[in-house]
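Coordinates as given in final.cif (mmCIF, C-alpha atoms):
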data_model
#
loop_
_atom_site.label_atom_id
_atom_site.label_comp_id
_atom_site.auth_asym_id
_atom_site.auth_seq_id
_atom_site.Cartn_x
_atom_site.Cartn_y
_atom_site.Cartn_z
CA MET A 25 0.00 0.00 0.00
CA ALA A 26 2.76 2.36 0.97
CA GLU A 27 4.62 1.41 -2.16
CA THR A 28 1.76 2.20 -4.51
CA THR A 29 1.06 5.44 -2.70
CA GLY A 30 4.67 6.37 -3.14
CA ALA A 31 4.50 5.60 -6.83
CA ALA A 32 1.34 7.64 -7.16
CA ASN A 33 2.97 10.52 -5.32
CA GLY A 34 5.91 10.25 -7.64
CA ALA A 35 3.62 10.45 -10.64
CA GLU A 36 1.92 13.43 -9.13
CA ALA A 37 5.23 15.06 -8.55
CA ALA A 38 6.19 14.42 -12.17
CA HIS A 39 2.90 15.92 -13.23
CA GLY A 40 3.63 18.95 -11.12
CA GLU A 41 6.83 19.59 -13.03
CA GLY A 42 4.76 20.07 -16.18
CA GLY A 43 7.12 18.55 -18.73
CA GLY A 44 7.32 14.97 -17.50
CA LEU A 45 5.48 11.98 -18.89
CA VAL A 46 2.39 10.94 -16.95
CA PHE A 47 0.64 7.72 -17.85
CA HIS A 48 -2.68 6.82 -16.31
CA PRO A 49 -4.01 4.49 -19.00
CA MET A 50 -6.24 2.59 -16.60
CA ASP A 51 -7.92 5.57 -14.96
CA GLN A 52 -10.55 5.60 -17.68
CA PHE A 53 -11.84 2.28 -16.37
CA ILE A 54 -12.49 3.49 -12.81
CA VAL A 55 -16.06 3.05 -11.68
CA LYS A 56 -17.28 6.07 -9.73
CA PRO A 57 -20.60 7.34 -8.47
CA LEU A 58 -22.23 9.92 -10.70
CA PHE A 59 -23.58 11.90 -7.77
CA GLY A 60 -21.82 12.78 -4.56
CA SER A 61 -18.11 13.16 -3.98
CA ALA A 62 -15.43 11.18 -5.76
CA GLY A 63 -14.50 9.05 -2.79
CA ASP A 64 -18.01 7.67 -2.07
CA PRO A 65 -18.24 3.88 -1.94
CA VAL A 66 -19.86 2.03 -4.82
CA GLY A 67 -22.76 -0.12 -3.67
CA TRP A 68 -24.81 -2.56 -5.71
CA LEU A 69 -27.44 -0.01 -6.69
CA THR A 70 -25.30 3.13 -6.67
CA VAL A 71 -25.86 5.17 -9.82
CA THR A 72 -22.39 5.18 -11.33
CA ASN A 73 -20.77 5.98 -14.64
CA VAL A 74 -21.44 2.33 -15.49
CA THR A 75 -25.15 2.98 -15.01
CA LEU A 76 -24.97 6.04 -17.24
CA TRP A 77 -23.24 4.34 -20.16
CA ILE A 78 -25.25 1.13 -19.92
CA ALA A 79 -28.42 3.23 -19.90
CA LEU A 80 -27.17 5.16 -22.93
CA ALA A 81 -26.58 1.86 -24.73
CA VAL A 82 -30.14 0.78 -23.90
CA LEU A 83 -31.50 4.13 -25.12
CA CYS A 84 -29.52 3.83 -28.35
CA VAL A 85 -30.89 0.34 -28.95
CA ILE A 86 -34.42 1.61 -28.36
CA ALA A 87 -33.81 4.65 -30.57
CA LEU A 88 -32.54 2.52 -33.42
CA MET A 89 -34.80 -0.51 -33.20
CA VAL A 90 -38.04 1.03 -31.94
CA LEU A 91 -38.08 4.73 -32.84
CA GLY A 92 -36.16 4.09 -36.05
CA THR A 93 -38.75 1.64 -37.29
CA SER A 94 -41.82 3.56 -36.09
CA GLY A 95 -42.47 4.75 -39.65
CA ARG A 96 -42.91 1.12 -40.80
CA GLY A 97 -42.03 2.30 -44.29
CA ILE A 98 -42.21 -0.15 -47.17
CA VAL A 99 -39.38 1.97 -48.56
CA PRO A 100 -37.18 2.40 -45.47
CA GLY A 101 -35.60 5.64 -44.32
CA ARG A 102 -31.98 5.85 -43.16
CA VAL A 103 -32.47 4.76 -39.57
CA GLN A 104 -34.96 2.07 -40.52
CA SER A 105 -32.47 0.73 -43.08
CA VAL A 106 -29.84 0.39 -40.38
CA ALA A 107 -32.31 -1.33 -38.04
CA GLU A 108 -33.32 -3.74 -40.81
CA LEU A 109 -29.68 -4.32 -41.66
CA ALA A 110 -28.90 -5.21 -38.02
CA TYR A 111 -31.93 -7.50 -37.91
CA GLY A 112 -31.00 -9.22 -41.16
CA PHE A 113 -27.33 -9.50 -40.17
CA VAL A 114 -27.97 -11.24 -36.86
CA TYR A 115 -30.94 -13.26 -38.15
CA LYS A 116 -28.90 -14.69 -41.01
CA MET A 117 -26.01 -15.39 -38.66
CA VAL A 118 -28.26 -17.36 -36.29
CA GLU A 119 -29.88 -19.19 -39.18
CA ASP A 120 -26.61 -20.05 -40.92
CA VAL A 121 -24.63 -21.06 -37.85
CA SER A 122 -27.21 -22.52 -35.48
CA GLY A 123 -29.61 -23.91 -38.05
CA ARG A 124 -33.34 -23.43 -38.54
CA ASP A 125 -34.21 -24.49 -34.98
CA GLY A 126 -31.81 -21.87 -33.62
CA VAL A 127 -34.01 -19.08 -34.97
CA LYS A 128 -36.22 -19.55 -31.88
CA TYR A 129 -33.44 -18.03 -29.78
CA PHE A 130 -32.85 -15.13 -32.16
CA PRO A 131 -34.18 -12.45 -29.72
CA TYR A 132 -31.64 -13.49 -27.05
CA ILE A 133 -28.76 -13.31 -29.48
CA MET A 134 -30.03 -10.05 -30.92
CA THR A 135 -30.12 -8.63 -27.37
CA LEU A 136 -26.50 -9.58 -26.79
CA PHE A 137 -25.36 -8.23 -30.16
CA MET A 138 -27.18 -4.93 -29.88
CA PHE A 139 -25.96 -4.31 -26.35
CA ILE A 140 -22.33 -5.16 -27.09
CA VAL A 141 -22.17 -3.25 -30.34
CA PHE A 142 -23.64 -0.09 -28.79
CA ALA A 143 -21.57 -0.38 -25.61
CA ASN A 144 -18.42 -0.78 -27.73
CA PHE A 145 -19.18 2.19 -29.96
CA LEU A 146 -20.35 4.45 -27.11
CA GLY A 147 -17.04 3.64 -25.40
CA LEU A 148 -15.24 5.19 -28.38
CA ILE A 149 -16.68 8.61 -27.62
CA PRO A 150 -13.90 10.61 -25.96
CA MET A 151 -14.26 10.73 -22.16
CA ALA A 152 -16.79 7.90 -22.30
CA PHE A 153 -16.76 4.88 -20.05
CA THR A 154 -16.48 1.58 -21.89
CA THR A 155 -18.73 -0.84 -20.06
CA THR A 156 -17.67 -3.83 -22.17
CA SER A 157 -14.02 -3.34 -21.18
CA HIS A 158 -14.85 -4.69 -17.73
CA PHE A 159 -14.62 -8.38 -17.04
CA ALA A 160 -17.55 -8.08 -14.65
CA VAL A 161 -19.76 -7.18 -17.62
CA THR A 162 -18.38 -9.60 -20.19
CA VAL A 163 -18.25 -12.49 -17.72
CA VAL A 164 -21.95 -12.00 -16.99
CA LEU A 165 -22.66 -11.99 -20.73
CA ALA A 166 -20.52 -15.05 -21.38
CA LEU A 167 -21.84 -16.95 -18.34
CA ALA A 168 -25.39 -16.19 -19.38
CA VAL A 169 -24.63 -17.78 -22.75
CA PHE A 170 -22.72 -20.69 -21.23
CA LEU A 171 -25.33 -21.57 -18.62
CA THR A 172 -28.28 -21.12 -20.99
CA VAL A 173 -26.67 -23.20 -23.70
CA THR A 174 -25.63 -25.98 -21.33
CA ALA A 175 -29.06 -26.12 -19.73
CA LEU A 176 -30.65 -26.09 -23.17
CA GLY A 177 -28.45 -28.99 -24.27
CA PHE A 178 -29.49 -31.12 -21.31
CA ILE A 179 -33.16 -30.18 -21.63
CA LYS A 180 -33.22 -30.95 -25.36
CA HIS A 181 -31.11 -34.11 -25.37
CA GLY A 182 -30.85 -35.29 -21.75
CA THR A 183 -27.70 -37.29 -21.15
CA LYS A 184 -27.22 -37.66 -24.89
CA PHE A 185 -25.92 -34.11 -24.76
CA LEU A 186 -22.72 -35.65 -23.36
CA GLN A 187 -22.08 -37.11 -26.80
CA LEU A 188 -20.71 -33.64 -27.56
CA PHE A 189 -17.59 -34.75 -25.66
CA TRP A 190 -17.42 -38.22 -27.18
CA VAL A 191 -15.85 -37.86 -30.62
CA SER A 192 -17.39 -40.88 -32.34
CA SER A 193 -15.45 -40.32 -35.55
CA ALA A 194 -12.08 -40.77 -33.80
CA PRO A 195 -10.44 -44.17 -33.15
CA LEU A 196 -11.83 -45.84 -30.03
CA ALA A 197 -8.52 -45.69 -28.15
CA LEU A 198 -8.29 -41.93 -28.61
CA ARG A 199 -11.83 -41.16 -27.54
CA PRO A 200 -11.29 -40.95 -23.75
CA VAL A 201 -8.33 -38.64 -24.25
CA LEU A 202 -10.32 -36.50 -26.65
CA ALA A 203 -13.23 -36.50 -24.22
CA VAL A 204 -11.02 -35.01 -21.50
CA ILE A 205 -9.77 -32.35 -23.90
CA GLU A 206 -13.30 -31.61 -25.10
CA VAL A 207 -14.58 -31.21 -21.53
CA ILE A 208 -11.74 -28.87 -20.64
CA SER A 209 -12.27 -26.81 -23.79
CA TYR A 210 -16.00 -26.70 -23.08
CA PHE A 211 -15.44 -25.20 -19.64
CA VAL A 212 -12.82 -22.77 -20.95
CA ARG A 213 -15.38 -21.38 -23.38
CA PRO A 214 -16.93 -18.76 -21.06
CA VAL A 215 -13.45 -17.66 -20.00
CA SER A 216 -12.18 -17.06 -23.52
CA HIS A 217 -15.57 -15.75 -24.60
CA SER A 218 -15.52 -13.00 -21.97
CA ILE A 219 -11.81 -12.19 -21.80
CA ARG A 220 -11.60 -11.85 -25.59
CA LEU A 221 -14.17 -9.06 -25.62
CA ALA A 222 -13.05 -7.17 -22.51
CA GLY A 223 -9.36 -7.69 -23.25
CA ASN A 224 -9.57 -6.33 -26.77
CA LEU A 225 -11.44 -3.22 -25.73
CA MET A 226 -9.36 -2.58 -22.65
CA ALA A 227 -6.09 -2.97 -24.55
CA GLY A 228 -7.17 -0.66 -27.36
CA HIS A 229 -8.39 2.05 -25.02
CA ALA A 230 -5.31 1.79 -22.81
CA VAL A 231 -3.00 2.02 -25.83
CA ILE A 232 -4.77 5.17 -26.98
CA LYS A 233 -4.26 6.63 -23.51
CA VAL A 234 -0.57 5.73 -23.57
CA PHE A 235 -0.15 7.42 -26.95
CA ALA A 236 -1.96 10.43 -25.54
CA GLY A 237 0.51 10.50 -22.64
CA PHE A 238 3.39 10.83 -25.12
CA ALA A 239 1.79 13.98 -26.52
CA ALA A 240 3.28 15.84 -23.53
CA ILE A 241 6.62 15.82 -25.36
CA ALA A 242 6.30 18.56 -27.96
CA ALA A 243 8.57 16.86 -30.48
CA VAL A 244 6.64 13.60 -30.35
CA SER A 245 3.15 15.05 -30.16
CA PRO A 246 2.43 15.10 -33.95
CA LEU A 247 3.38 11.43 -34.13
CA SER A 248 1.27 10.85 -31.05
CA VAL A 249 -1.77 12.43 -32.69
CA VAL A 250 -1.25 10.33 -35.83
CA ALA A 251 -0.88 7.20 -33.71
CA ILE A 252 -4.03 8.00 -31.75
CA THR A 253 -5.93 8.54 -35.01
CA ALA A 254 -4.72 5.25 -36.46
CA MET A 255 -5.46 3.44 -33.21
CA TYR A 256 -8.91 4.98 -33.11
CA GLY A 257 -9.61 3.70 -36.62
CA LEU A 258 -8.49 0.26 -35.55
CA GLU A 259 -10.66 0.48 -32.45
CA ILE A 260 -13.71 1.25 -34.58
CA LEU A 261 -12.99 -1.96 -36.44
CA VAL A 262 -12.40 -3.85 -33.19
CA ALA A 263 -15.61 -2.50 -31.66
CA PHE A 264 -17.66 -4.06 -34.43
CA ILE A 265 -15.58 -7.20 -34.92
CA GLN A 266 -15.62 -8.09 -31.23
CA ALA A 267 -19.39 -7.70 -31.09
CA TYR A 268 -19.60 -9.89 -34.19
CA VAL A 269 -17.20 -12.50 -32.77
CA PHE A 270 -19.07 -12.64 -29.47
CA THR A 271 -22.36 -13.11 -31.29
CA ILE A 272 -21.15 -15.73 -33.75
CA LEU A 273 -19.50 -17.73 -30.95
CA THR A 274 -22.82 -17.61 -29.10
CA CYS A 275 -24.41 -19.05 -32.25
CA VAL A 276 -21.77 -21.77 -32.44
CA TYR A 277 -22.33 -22.74 -28.80
CA LEU A 278 -26.06 -22.74 -29.42
CA LYS A 279 -25.53 -25.04 -32.39
CA ASP A 280 -23.56 -27.44 -30.18
CA ALA A 281 -26.43 -27.48 -27.70
CA LEU A 282 -29.03 -28.08 -30.41
CA HIS A 283 -27.00 -30.62 -32.39
CA PRO A 284 -24.48 -32.25 -30.03
CA HIS A 285 -23.65 -35.08 -32.47
CA HIS A 286 -20.39 -34.66 -34.27
CA MET B 14 -0.01 10.43 5.50
CA ALA B 15 -2.56 10.34 8.28
CA THR B 16 -5.53 11.26 6.07
CA GLU B 17 -4.68 9.02 3.16
CA PRO B 18 -5.73 5.65 4.66
CA ILE B 19 -9.21 7.13 5.22
CA ASP B 20 -9.46 8.18 1.58
CA ALA B 21 -8.31 4.79 0.42
CA GLU B 22 -10.85 3.12 2.64
CA MET B 23 -13.65 5.33 1.37
CA ALA B 24 -12.91 4.60 -2.28
CA GLY B 25 -12.13 0.98 -1.70
CA ALA B 26 -8.82 -0.65 -2.44
CA CYS B 27 -8.88 0.15 -6.13
CA VAL B 28 -8.28 3.90 -6.32
CA GLY B 29 -5.21 5.59 -4.99
CA PRO B 30 -5.36 8.74 -2.86
CA ASN B 31 -4.58 10.90 -5.92
CA GLY B 32 -7.59 9.54 -7.80
CA SER B 33 -5.79 7.19 -10.19
CA ALA B 34 -6.35 3.49 -10.45
CA ILE B 35 -4.33 0.97 -8.53
CA GLY B 36 -3.67 -1.99 -10.78
CA MET B 37 -6.44 -3.00 -13.17
CA PRO B 38 -9.85 -1.50 -12.36
CA GLN B 39 -11.28 -4.55 -14.13
CA LEU B 40 -10.12 -6.72 -11.25
CA CYS B 41 -11.60 -4.54 -8.50
CA ALA B 42 -14.05 -6.71 -6.61
CA ASP B 43 -15.81 -3.69 -5.06
CA TRP B 44 -17.30 -2.68 -8.38
CA VAL B 45 -18.47 -6.03 -9.66
CA GLY B 46 -21.85 -6.06 -7.92
CA ASN B 47 -22.79 -2.64 -9.23
CA GLN B 48 -21.89 -3.51 -12.81
CA VAL B 49 -23.66 -6.86 -12.71
CA VAL B 50 -26.87 -5.32 -11.36
CA TRP B 51 -27.04 -2.59 -13.98
CA LEU B 52 -26.02 -4.93 -16.79
CA VAL B 53 -28.68 -7.48 -15.93
CA LEU B 54 -31.32 -4.73 -15.74
CA ALA B 55 -30.17 -3.38 -19.10
CA LEU B 56 -30.20 -6.81 -20.77
CA VAL B 57 -33.68 -7.55 -19.47
CA ALA B 58 -34.87 -4.14 -20.72
CA ILE B 59 -33.30 -4.62 -24.16
CA TYR B 60 -34.65 -8.16 -24.38
CA PHE B 61 -38.21 -7.11 -23.66
CA VAL B 62 -38.07 -4.12 -25.97
CA LEU B 63 -36.65 -6.20 -28.80
CA ASP B 64 -38.80 -9.28 -28.25
CA ARG B 65 -42.09 -7.45 -27.70
CA VAL B 66 -41.79 -4.41 -29.96
CA ALA B 67 -38.82 -4.07 -32.26
CA LEU B 68 -38.29 -7.53 -33.72
CA PRO B 69 -41.96 -8.33 -34.48
CA ARG B 70 -42.27 -4.89 -36.05
CA ILE B 71 -39.22 -5.31 -38.27
CA GLN B 72 -40.36 -8.81 -39.17
CA ALA B 73 -43.76 -7.41 -40.17
CA ILE B 74 -42.11 -4.66 -42.22
CA LEU B 75 -39.90 -7.15 -44.03
CA ALA B 76 -42.80 -9.53 -44.65
CA GLU B 77 -44.94 -6.69 -45.93
CA ARG B 78 -42.18 -5.53 -48.23
CA GLN B 79 -41.68 -9.07 -49.49
CA GLY B 80 -45.42 -9.32 -50.09
CA THR B 81 -45.50 -6.02 -51.92
CA ILE B 82 -42.58 -7.01 -54.10
CA THR B 83 -44.14 -10.38 -54.88
CA SER B 84 -47.52 -8.90 -55.75
CA ASP B 85 -45.88 -6.15 -57.81
CA LEU B 86 -43.92 -8.75 -59.71
CA ALA B 87 -47.07 -10.79 -60.28
CA LYS B 88 -48.86 -7.67 -61.48
CA ALA B 89 -45.99 -6.85 -63.81
CA GLU B 90 -46.12 -10.42 -65.12
CA GLU B 91 -49.84 -10.08 -65.68
CA LEU B 92 -49.44 -6.76 -67.48
CA LYS B 93 -46.71 -8.24 -69.62
CA ALA B 94 -48.98 -11.15 -70.55
CA GLU B 95 -51.69 -8.67 -71.43
CA ALA B 96 -49.30 -6.66 -73.55
CA ASP B 97 -48.18 -9.84 -75.29
CA GLU B 98 -51.78 -10.76 -75.96
CA ALA B 99 -52.51 -7.31 -77.35
CA GLU B 100 -49.47 -7.54 -79.57
CA LYS B 101 -50.56 -10.96 -80.77
CA ALA B 102 -54.04 -9.63 -81.51
CA TYR B 103 -52.55 -6.69 -83.36
CA GLU B 104 -50.35 -8.95 -85.42
CA LYS B 105 -53.25 -11.24 -86.15
CA ALA B 106 -55.36 -8.27 -87.26
CA LEU B 107 -52.49 -7.12 -89.43
CA ALA B 108 -52.13 -10.54 -91.03
CA ASP B 109 -55.90 -10.78 -91.55
CA ALA B 110 -55.95 -7.37 -93.17
CA ARG B 111 -53.09 -8.36 -95.40
CA VAL B 112 -54.88 -11.54 -96.45
CA GLU B 113 -58.07 -9.58 -97.03
CA ALA B 114 -56.23 -7.01 -99.12
CA GLN B 115 -54.62 -9.79 -101.13
CA LYS B 116 -58.00 -11.37 -101.67
CA ILE B 117 -59.58 -8.12 -102.75
CA ALA B 118 -56.68 -7.43 -105.09
CA ASP B 119 -56.94 -10.89 -106.59
CA GLU B 120 -60.67 -10.56 -107.02
CA THR B 121 -60.35 -7.16 -108.60
CA ARG B 122 -57.62 -8.41 -110.85
CA ALA B 123 -59.71 -11.39 -111.93
CA GLU B 124 -62.73 -9.17 -112.50
CA ILE B 125 -60.73 -6.74 -114.58
CA ARG B 126 -59.21 -9.60 -116.51
CA GLY B 127 -62.68 -10.97 -117.18
CA GLN B 128 -63.89 -7.61 -118.35
CA VAL B 129 -60.87 -7.18 -120.57
CA GLU B 130 -61.33 -10.64 -122.05
CA GLU B 131 -64.98 -10.00 -122.60
CA ALA B 132 -64.24 -6.69 -124.29
CA GLN B 133 -61.58 -8.35 -126.35
CA ALA B 134 -63.90 -11.16 -127.39
CA LYS B 135 -66.53 -8.65 -128.29
CA ALA B 136 -64.05 -6.63 -130.26
CA ASP B 137 -62.83 -9.81 -132.00
CA ALA B 138 -66.37 -10.75 -132.89
CA GLU B 139 -67.06 -7.30 -134.21
CA ILE B 140 -63.89 -7.38 -136.22
CA ALA B 141 -64.77 -10.79 -137.58
CA ALA B 142 -68.26 -9.60 -138.52
CA LYS B 143 -66.90 -6.51 -140.18
CA THR B 144 -64.36 -8.63 -142.07
CA ALA B 145 -67.03 -11.03 -143.26
CA GLU B 146 -69.20 -8.16 -144.38
CA SER B 147 -66.31 -6.57 -146.17
CA GLU B 148 -65.44 -9.83 -147.85
CA LYS B 149 -69.03 -10.20 -148.97
CA GLN B 150 -69.01 -6.71 -150.37
CA ILE B 151 -65.73 -7.38 -152.09
CA ALA B 152 -67.18 -10.57 -153.54
CA GLU B 153 -70.27 -8.72 -154.69
CA ILE B 154 -68.14 -6.02 -156.18
CA ARG B 155 -66.02 -8.60 -157.85
CA ALA B 156 -69.11 -10.41 -159.20
CA SER B 157 -70.63 -7.21 -160.42
CA ALA B 158 -67.34 -6.31 -162.02
CA LEU B 159 -67.27 -9.66 -163.85
CA SER B 160 -70.79 -9.21 -165.15
CA ASN B 161 -69.90 -5.69 -166.18
CA VAL B 162 -66.89 -7.06 -168.05
CA GLU B 163 -69.22 -9.50 -169.85
CA VAL B 164 -71.59 -6.73 -170.81
CA VAL B 165 -68.72 -4.50 -171.92
CA ALA B 166 -67.19 -7.36 -173.90
CA LYS B 167 -70.44 -8.16 -175.64
CA ASP B 168 -71.03 -4.48 -176.39
CA THR B 169 -67.45 -4.10 -177.58
CA ALA B 170 -67.75 -7.23 -179.73
CA GLU B 171 -70.97 -5.93 -181.23
CA ALA B 172 -69.42 -2.55 -181.86
CA LEU B 173 -66.31 -4.15 -183.38
CA VAL B 174 -68.43 -6.33 -185.63
CA ALA B 175 -70.46 -3.30 -186.64
CA ALA B 176 -67.33 -1.30 -187.29
CA LEU B 177 -66.03 -4.03 -189.54
CA GLY B 178 -69.23 -3.66 -191.47
CA LEU B 179 -70.48 -6.96 -190.68
CA SER B 180 -73.77 -7.79 -189.18
CA ALA B 181 -74.02 -10.51 -186.78
CA ASP B 182 -76.71 -12.10 -184.87
CA LYS B 183 -76.84 -10.69 -181.38
CA ALA B 184 -77.39 -14.09 -179.79
CA ALA B 185 -74.50 -15.71 -181.62
CA LEU B 186 -72.28 -12.87 -180.67
CA ASP B 187 -73.16 -13.17 -176.99
CA ALA B 188 -72.59 -16.89 -177.10
CA ALA B 189 -69.22 -16.42 -178.66
CA VAL B 190 -68.23 -13.82 -176.07
CA ASP B 191 -69.45 -16.07 -173.25
CA LYS B 192 -67.51 -18.94 -174.68
CA ARG B 193 -64.41 -16.76 -174.86
CA ILE B 194 -64.75 -15.47 -171.33
CA GLU B 195 -65.24 -18.88 -169.90
CA GLY B 196 -62.48 -20.32 -171.99
#

Same coordinates, now as structure tokens:
Amino acid sequence: MAETTGAANGAEAAHGEGGGLVFHPMDQFIVKPLFGSAGDPVGWLTVTNVTLWIALAVLCVIALMVLGTSGRGIVPGRVQSVAELAYGFVYKMVEDVSGRDGVKYFPYIMTLFMFIVFANFLGLIPMAFTTTSHFAVTVVLALAVFLTVTALGFIKHGTKFLQLFWVSSAPLALRPVLAVIEVISYFVRPVSHSIRLAGNLMAGHAVIKVFAGFAAIAAVSPLSVVAITAMYGLEILVAFIQAYVFTILTCVYLKDALHPHH
Amino acid sequence: MATEPIDAEMAGACVGPNGSAIGMPQLCADWVGNQVVWLVLALVAIYFVLDRVALPRIQAILAERQGTITSDLAKAEELKAEADEAEKAYEKALADARVEAQKIADETRAEIRGQVEEAQAKADAEIAAKTAESEKQIAEIRASALSNVEVVAKDTAEALVAALGLSADKAALDAAVDKRIEG
């Protein structure tokens, strides 16, 4: 504790000098109450910056999917086109990856996709808080998928769902070994599923902050601005791709639950 | 240093006294409950909005559009068939008219030919009649000329005989002239 305080004091001292480099790349991820003083504790129902940005994501989803389609135009307007595009994109993904019987679960997957994509893009607004860069958020999302899909597999197929781990196309001697590997990989799924999303976003945002820290050196600052711009472009790509990857993996896991036979 | 532990306690173990993060804020256990609560509320809200309002609406819009496109295509197909039919009818009328015109032309031609032939036959007949009449006249003329020659010959013979100072019987003279002419 004393050590970290000392380091923080050192950083503050460097900041005080004016010319030194100060990096606080992780400060953007701090959860803090919206109302009251900065030091207030964060309880379960405290209205925090997390609340604000999650609520904004919800409002954006509603604005796009509900208000955007309120015209019900046969010839769609701009917003309605985007809403229809999102619908068609996810619907086709579910249909192609999970099969016809996966379409039943389309609203769940659409919920995940819309939330993640809006949370990712809202996080790209300068000074915003990126909710999906927190493991607490992505682990809940991934666990929701993992538990739902596992339960669904057992409800649909009973113990036959365990055939998912028994690779019947492999030689008999190899099957127990493969079964162990399959079980391990099955339980690693929620871990990789959640860390992939949060890790990508956190890394990108932190790197942008580090580049921004270098801007304090006058000679480097043009390069820093260029680097931030390039990184920001990459992050726009990442914001969409990670939402896409999360959604398509959900579809793949759903497919495994619906059709556990290899 | 006496006030700092209080600050740290107030903010939890994740934020340093100067307001910057200690380690990764992602791993701060104090904040997990808050995030989970708000996230779950948000997901439930999004799910209900999408499932109850947005997705059925978009599905209806897409179905309606598909229906409109299908019916428009069917209508276009129908109109095209109608146009084809009209064109066929037009072409048939054109062909009929052409056949009719051909028929009328043929008929007219045949009629005219008949008239011409009739006129020609009539003209031929007239010509033939005129020719026959002329030939008859010529024959008459010729016959009258012959008899005139006979009379002139007899008169001449009588005159010659008289001039020679001879007298001859008129009947014998005529007989001789006749005999000469015939001979």

Q: Convert the output of the PyMOL selection byres ((chain A) within 7 of (chain B)) on the shown file into explicit residues, formatted as an NGL selection string.
A: :A and (29 or 32 or 48 or 50-51 or 53-55 or 63-70 or 74-75 or 78-79 or 82 or 89-90 or 96 or 98 or 108 or 131-132 or 135 or 158-161 or 164)

Q.
Rounded to one decimal, what separation in Å do you get between CA of Lys167 in chain B and CA of Ile151 in chain B?
A. 24.0 Å

(Q) Please list as a PyMOL selection string every residue within 12 Å of Ala239 in chain A, counting only C-alpha atoms and excluding residues in the same chain fewer than 5 positions away. (A) chain A and resi 43-47+232-234+244-252

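The gap separating CA of Phe270 in chain A from CA of Leu91 in chain A is 26.0 Å, in Å to one decimal.
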
Q) Written as a list in words, what is the full residue list that the PyMOL selection byres ((chain B and resi 184-188) around 9) yields on the file shown? A)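 This file, filtered by the PyMOL selection byres ((chain B and resi 184-188) around 9), leaves Glu163, Ala166, Lys167, Asp168, Ala170, Glu171, Ala181, Asp182, Lys183, Ala189, Val190, Asp191, Lys192 and Arg193 of chain B.
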
With C-alpha atoms retained, could you export that selection as a compact mmCIF listing (two decimals), in the coordinates of the input?
# COMPACT_ATOMS: atom_id res chain seq x y z
CA GLU B 163 -69.22 -9.50 -169.85
CA ALA B 166 -67.19 -7.36 -173.90
CA LYS B 167 -70.44 -8.16 -175.64
CA ASP B 168 -71.03 -4.48 -176.39
CA ALA B 170 -67.75 -7.23 -179.73
CA GLU B 171 -70.97 -5.93 -181.23
CA ALA B 181 -74.02 -10.51 -186.78
CA ASP B 182 -76.71 -12.10 -184.87
CA LYS B 183 -76.84 -10.69 -181.38
CA ALA B 189 -69.22 -16.42 -178.66
CA VAL B 190 -68.23 -13.82 -176.07
CA ASP B 191 -69.45 -16.07 -173.25
CA LYS B 192 -67.51 -18.94 -174.68
CA ARG B 193 -64.41 -16.76 -174.86

Q) Which neighbours of Ala87 in chain A fall inside 12 Å, counting only C-alpha atoms, when residues of the same chain fewer than 6 positions from it are skipped, and could you give them as a ChimeraX atom specification? A) /A:80-81,93-94,103-104,106-107,138,142 /B:59,62-63,67

Q. What residues come out when you apply the PyMOL selection byres ((chain A and resi 212-223) around 8) to this file, written as an MDAnalysis selection string?
A. chainID A and resid 156:159 162:163 165:167 169:170 208:211 224:227 266:267 270 273

(Q) Please compute the CA of Ala141 in chain B-CA of Ala158 in chain B distance, one decimal, in Å. (A) 25.0 Å

Q. Quick one: of A:Leu196, A:Leu148, A:Val121, A:Val191, who's nearest to Lys279 in chain A, counting only C-alpha atoms?
A. A:Val121

Please produce range 87-95 of chain B, completed to N, CA and C atoms, as a compact mmCIF listing (two decimals), in the frame of the given file.
# COMPACT_ATOMS: atom_id res chain seq x y z
N ALA B 87 -45.98 -10.04 -59.65
CA ALA B 87 -47.07 -10.79 -60.28
C ALA B 87 -47.87 -9.86 -61.18
N LYS B 88 -48.10 -8.64 -60.69
CA LYS B 88 -48.86 -7.67 -61.48
C LYS B 88 -48.12 -7.34 -62.77
N ALA B 89 -46.82 -7.16 -62.63
CA ALA B 89 -45.99 -6.85 -63.81
C ALA B 89 -46.07 -8.01 -64.81
N GLU B 90 -46.03 -9.23 -64.26
CA GLU B 90 -46.12 -10.42 -65.12
C GLU B 90 -47.45 -10.42 -65.87
N GLU B 91 -48.50 -10.11 -65.11
CA GLU B 91 -49.84 -10.08 -65.68
C GLU B 91 -49.92 -9.04 -66.81
N LEU B 92 -49.40 -7.84 -66.49
CA LEU B 92 -49.44 -6.76 -67.48
C LEU B 92 -48.64 -7.15 -68.72
N LYS B 93 -47.55 -7.83 -68.49
CA LYS B 93 -46.71 -8.24 -69.62
C LYS B 93 -47.49 -9.23 -70.49
N ALA B 94 -48.18 -10.17 -69.81
CA ALA B 94 -48.98 -11.15 -70.55
C ALA B 94 -50.05 -10.42 -71.37
N GLU B 95 -50.66 -9.43 -70.72
CA GLU B 95 -51.69 -8.67 -71.43
C GLU B 95 -51.11 -7.97 -72.65
